[in-house]
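In what follows, a structure is listed as structure tokens, so that the remarks can point back to it.
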Amino acid sequence: MSIFHKIAKRATAVALGAGLMVGAAHAAEKKDIVLGGSIPLTGVFAFAGVGIHAGIQDAVKITNDNGGIEGHKLVYVPEDTAYKVDASVAAFNKITSQHDVNLYYGDSTAFSKTIAPELDRSGKMLMAGASFASELDDPKKYPNIFIPGPSYTDMVGILLEYIAKEKPGAKVGFVHSDTEFGRDPVEGAKASAKALGLDMNLVISTAPGGVDVSTEVLKMRRARPDFVIFHGYVLAPIPEFITQARSMGLKTKFMGTFWSMDNSMVGKMGDVADGFMGVMPYNYYYTKADNAPMLDKIRSMRDTYQSNAYMQGFFSTMMMAEAARNTVKAGKELNGANLKAGLQAIKDFDTGGVIGVPVSVKGNSVPVGRVYQYDAAKKQMVAASDWINLD
């Protein structure tokens, strides 16, 4: 039973007395399991990197406080990358040269794709990271990589499933940044929309960040979509799109994907945040739910709001630790192939409330999420759907 299941099933700790001392001495003889990390603690992605770092730290602490991974201590070794691929590769080389690394957290899609051949060559480790890139959700091409949630294509698929249920045959616009990140789910979104009987004839591409969107909003006014999904942005230019669309009288409902869904980030949109929707693979820090002891544990360790990036780092570590646990319990060597098999053996896993339903690994990902909507009065994203699992 994993430590996360243990926490989920017990309300109070049981004193183990002398047995604990013997167990600790036995655990001390076991080799540490090292989790390396290319973490963007500075630079343009630091707003997320700091949260990811905290989430990994807390998941590691909880693991070790509960006996480690079958008695093996989990050791976290991070390096700052400033969200630069060359710095991330240098961090990887430094960490793996100084430690026997079996688990790794990468900071970007570009890094994951760059380092994948080395992961395959060494055959020593399993890697998760900040990327939900659809391309990485391919066990044959990327056998040693794990996406800690749904891919970007699956995120949009979850939103489209919700839309199809709410308004069959709805007109849906898709607005994305002209970046690899932004373009990622475009073709998948079109295919999913068609399969669900939705009309997605409006696809708009913009530069990322603060840009003039007046021309694009005119296209939106002509199309009058029922829903518009934004992808490939963190914040700007989403508020500007919504502001101009509202000034033109559009009743469109606007949606985002994971990196636009942090509660504090949405709150920065101001008045136009009210009603903004999107997909989130995890519960929010403040979610009150039955049978969610891990959320309670997180709140006891961090008494202020923790971002969606924190939850992503925490869940990544939780799943990699469980993959290592399955490998150790099976009596197998901790290497890339066995760790991946241990990951794919995770079925109906109770995360203690980090995700509101039991999760299973499918391919390289966990294709589950929930649609949330911002309530300006509560200043919170609140659930607008049940959990949606893409089979």
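Ordered as shown in the structure tokens, chains take letters A, B, and onward, while each chain numbers its residues from 1 and ligands are numbered from 1 in the order shown.
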
Please provide the set of residues having any atom within 7 Å of Leu159 (chain A), restricted to only C-alpha atoms, with same-chain residues fewer than 4 positions apart removed, written as a ChimeraX atom specification.
/A:155,163,279,371

Taking only residues of region 254-358 of chain A that have an atom at most 12 Å from an atom of region 182-191 of chain A, what is each one's shortest atom pair and its distance in Å to one decimal, using only C-alpha atoms, in chain and number order, as CSV?
```
residue,atom,partner,partner_atom,distance
A:Gly256,CA,A:Gly182,CA,11.7
A:Thr257,CA,A:Gly182,CA,10.6
A:Trp259,CA,A:Gly182,CA,11.3
```

Mind writing the picked residues with all heavy atoms as a CSV table (one decimal), in the first residue's frame?
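Written out: selection20.csv:
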```csv
chain,number,residue,atom,x,y,z
A,256,GLY,N,-10.3,28.3,-20.9
A,256,GLY,CA,-8.8,28.2,-21.0
A,256,GLY,C,-8.4,26.8,-20.6
A,256,GLY,O,-9.1,25.9,-20.2
A,257,THR,N,-7.1,26.5,-20.8
A,257,THR,CA,-6.5,25.2,-20.5
A,257,THR,C,-5.5,25.5,-19.3
A,257,THR,O,-5.5,26.6,-18.7
A,257,THR,CB,-5.7,24.6,-21.7
A,257,THR,OG1,-4.8,25.6,-22.2
A,257,THR,CG2,-6.7,24.2,-22.7
A,259,TRP,N,-2.5,26.1,-18.0
A,259,TRP,CA,-1.6,27.2,-17.6
A,259,TRP,C,-2.3,28.5,-17.5
A,259,TRP,O,-1.8,29.5,-17.1
A,259,TRP,CB,-0.4,27.2,-18.5
A,259,TRP,CG,0.5,26.1,-18.3
A,259,TRP,CD1,0.8,25.0,-19.1
A,259,TRP,CD2,1.2,25.7,-17.1
A,259,TRP,NE1,1.6,24.1,-18.6
A,259,TRP,CE2,1.9,24.5,-17.3
A,259,TRP,CE3,1.4,26.3,-15.8
A,259,TRP,CZ2,2.7,23.9,-16.3
A,259,TRP,CZ3,2.2,25.7,-14.9
A,259,TRP,CH2,2.8,24.5,-15.1
```

Hey, what does DSSP flag as alpha helix (DSSP H) within region 111-317 of chain A? Can you give it to me as a ChimeraX atom specification?
/A:111-122,152-166,180-183,186-195,214-223,238-247,263-267,293-301,308-317

Export C-alpha atoms of the chosen residues as a CSV table (one decimal), in the first residue's frame?
```csv
chain,number,residue,atom,x,y,z
A,111,PHE,CA,13.8,20.2,-22.8
A,112,SER,CA,11.8,16.9,-22.7
A,113,LYS,CA,12.2,16.4,-26.4
A,114,THR,CA,15.9,17.4,-26.3
A,115,ILE,CA,16.8,15.0,-23.5
A,116,ALA,CA,14.6,12.1,-24.6
A,117,PRO,CA,17.3,10.4,-26.6
A,118,GLU,CA,19.6,10.5,-23.6
A,119,LEU,CA,16.9,9.0,-21.4
A,120,ASP,CA,16.5,6.2,-23.9
A,121,ARG,CA,20.3,5.7,-24.2
A,122,SER,CA,21.0,5.5,-20.5
A,152,TYR,CA,-3.1,19.5,-24.2
A,153,THR,CA,-5.2,17.7,-26.9
A,154,ASP,CA,-7.0,15.8,-24.1
A,155,MET,CA,-7.5,19.0,-22.1
A,156,VAL,CA,-9.3,20.5,-25.1
A,157,GLY,CA,-11.1,17.2,-25.6
A,158,ILE,CA,-12.4,17.5,-22.0
A,159,LEU,CA,-13.7,21.0,-22.7
A,160,LEU,CA,-15.4,19.9,-25.9
A,161,GLU,CA,-17.0,16.9,-24.1
A,162,TYR,CA,-18.5,19.4,-21.6
A,163,ILE,CA,-19.6,21.8,-24.4
A,164,ALA,CA,-21.3,19.0,-26.4
A,165,LYS,CA,-23.2,18.0,-23.3
A,166,GLU,CA,-24.2,21.6,-22.4
A,180,GLU,CA,4.6,25.2,-30.5
A,181,PHE,CA,2.7,25.3,-27.2
A,182,GLY,CA,-0.2,27.1,-28.8
A,183,ARG,CA,-0.4,25.0,-32.0
A,186,VAL,CA,-5.3,22.5,-33.0
A,187,GLU,CA,-5.7,19.5,-35.2
A,188,GLY,CA,-6.9,17.3,-32.4
A,189,ALA,CA,-9.4,19.9,-31.4
A,190,LYS,CA,-10.8,20.0,-34.9
A,191,ALA,CA,-11.1,16.3,-35.0
A,192,SER,CA,-12.7,16.0,-31.6
A,193,ALA,CA,-15.2,18.8,-32.4
A,194,LYS,CA,-16.2,17.1,-35.6
A,195,ALA,CA,-16.7,13.8,-33.8
A,214,SER,CA,-9.0,44.1,-32.4
A,215,THR,CA,-8.9,42.5,-35.8
A,216,GLU,CA,-9.3,39.0,-34.3
A,217,VAL,CA,-12.2,40.1,-32.2
A,218,LEU,CA,-14.0,41.4,-35.3
A,219,LYS,CA,-13.7,37.9,-36.7
A,220,MET,CA,-15.2,36.6,-33.5
A,221,ARG,CA,-18.1,39.0,-33.7
A,222,ARG,CA,-18.9,37.8,-37.3
A,223,ALA,CA,-18.8,34.2,-36.2
A,238,ILE,CA,-7.1,36.7,-22.9
A,239,PRO,CA,-8.5,39.6,-20.8
A,240,GLU,CA,-8.4,41.9,-23.8
A,241,PHE,CA,-10.2,39.4,-26.0
A,242,ILE,CA,-13.0,39.1,-23.4
A,243,THR,CA,-13.2,42.8,-22.8
A,244,GLN,CA,-13.6,43.7,-26.4
A,245,ALA,CA,-16.0,40.8,-27.1
A,246,ARG,CA,-18.2,42.0,-24.2
A,247,SER,CA,-18.2,45.6,-25.4
A,263,ASN,CA,-7.0,30.9,-9.4
A,264,SER,CA,-4.8,33.9,-8.6
A,265,MET,CA,-4.0,34.3,-12.2
A,266,VAL,CA,-7.6,34.3,-13.3
A,267,GLY,CA,-8.3,36.9,-10.5
A,293,PRO,CA,-6.8,13.8,3.4
A,294,MET,CA,-4.0,14.7,1.1
A,295,LEU,CA,-5.5,18.1,0.5
A,296,ASP,CA,-5.9,18.5,4.3
A,297,LYS,CA,-2.2,17.5,4.7
A,298,ILE,CA,-1.1,20.1,2.1
A,299,ARG,CA,-3.1,22.8,3.8
A,300,SER,CA,-1.6,21.8,7.2
A,301,MET,CA,1.9,22.3,5.6
A,308,ASN,CA,-2.0,24.9,-9.8
A,309,ALA,CA,1.7,24.6,-10.6
A,310,TYR,CA,2.2,23.4,-7.0
A,311,MET,CA,-0.5,20.8,-7.5
A,312,GLN,CA,1.2,19.7,-10.7
A,313,GLY,CA,4.6,19.3,-9.0
A,314,PHE,CA,3.0,17.4,-6.1
A,315,PHE,CA,1.1,15.0,-8.3
A,316,SER,CA,4.1,14.4,-10.6
A,317,THR,CA,6.1,13.4,-7.5
```

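Distance annotation: of A:Ile346, A:Ala377, A:Lys61, A:Gly123, the residue with the minimal separation from Gly275 (chain A) is A:Ala377; atom set is only C-alpha atoms.
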
Exercise: Asp391 (chain A) partners within 10 Å, only C-alpha atoms, chain neighbours under 4 positions left out, as a PyMOL selection string
chain A and resi 362+367-368

If you count only C-alpha atoms, which residues fall within 12 Å of Phe45 (chain A), apart from same-chain ones fewer than 5 positions away, as a compact mmCIF listing (two decimals) with N, CA and C atoms, in the first residue's frame?
```
# COMPACT_ATOMS: atom_id res chain seq x y z
N ILE A 39 14.43 22.92 -12.71
CA ILE A 39 13.32 23.72 -12.19
C ILE A 39 13.54 25.19 -12.51
N PRO A 40 12.58 25.87 -13.16
CA PRO A 40 12.73 27.28 -13.50
C PRO A 40 12.40 28.20 -12.31
N VAL A 50 8.43 28.15 -9.05
CA VAL A 50 8.47 28.24 -7.58
C VAL A 50 7.39 27.34 -6.97
N GLY A 51 6.20 27.33 -7.58
CA GLY A 51 5.13 26.47 -7.11
C GLY A 51 5.44 25.00 -7.33
N ILE A 52 5.97 24.67 -8.51
CA ILE A 52 6.35 23.29 -8.81
C ILE A 52 7.36 22.79 -7.77
N ASP A 80 18.30 25.30 -10.72
CA ASP A 80 17.56 26.35 -11.42
C ASP A 80 17.98 26.39 -12.90
N THR A 81 16.98 26.55 -13.78
CA THR A 81 17.26 26.59 -15.22
C THR A 81 16.87 27.89 -15.90
N ALA A 82 16.13 28.75 -15.18
CA ALA A 82 15.62 30.00 -15.75
C ALA A 82 14.78 29.76 -17.00
N TYR A 83 14.28 28.53 -17.15
CA TYR A 83 13.43 28.13 -18.28
C TYR A 83 14.17 28.27 -19.62
N LYS A 84 15.45 27.89 -19.61
CA LYS A 84 16.27 27.91 -20.82
C LYS A 84 16.73 26.48 -21.10
N ASP A 107 11.55 20.90 -17.16
CA ASP A 107 10.85 22.18 -17.07
C ASP A 107 10.09 22.61 -18.32
N SER A 108 10.18 21.86 -19.42
CA SER A 108 9.54 22.34 -20.65
C SER A 108 9.41 21.23 -21.67
N ALA A 130 6.86 19.73 -16.56
CA ALA A 130 5.86 20.79 -16.67
C ALA A 130 5.06 20.72 -17.97
N VAL A 234 -0.80 32.30 -20.92
CA VAL A 234 -0.94 32.24 -19.47
C VAL A 234 -2.00 33.25 -19.05
N TRP A 259 -2.51 26.09 -17.99
CA TRP A 259 -1.63 27.18 -17.58
C TRP A 259 -2.34 28.53 -17.52
N ALA A 309 0.40 25.13 -10.31
CA ALA A 309 1.73 24.60 -10.56
C ALA A 309 2.21 23.76 -9.38
```
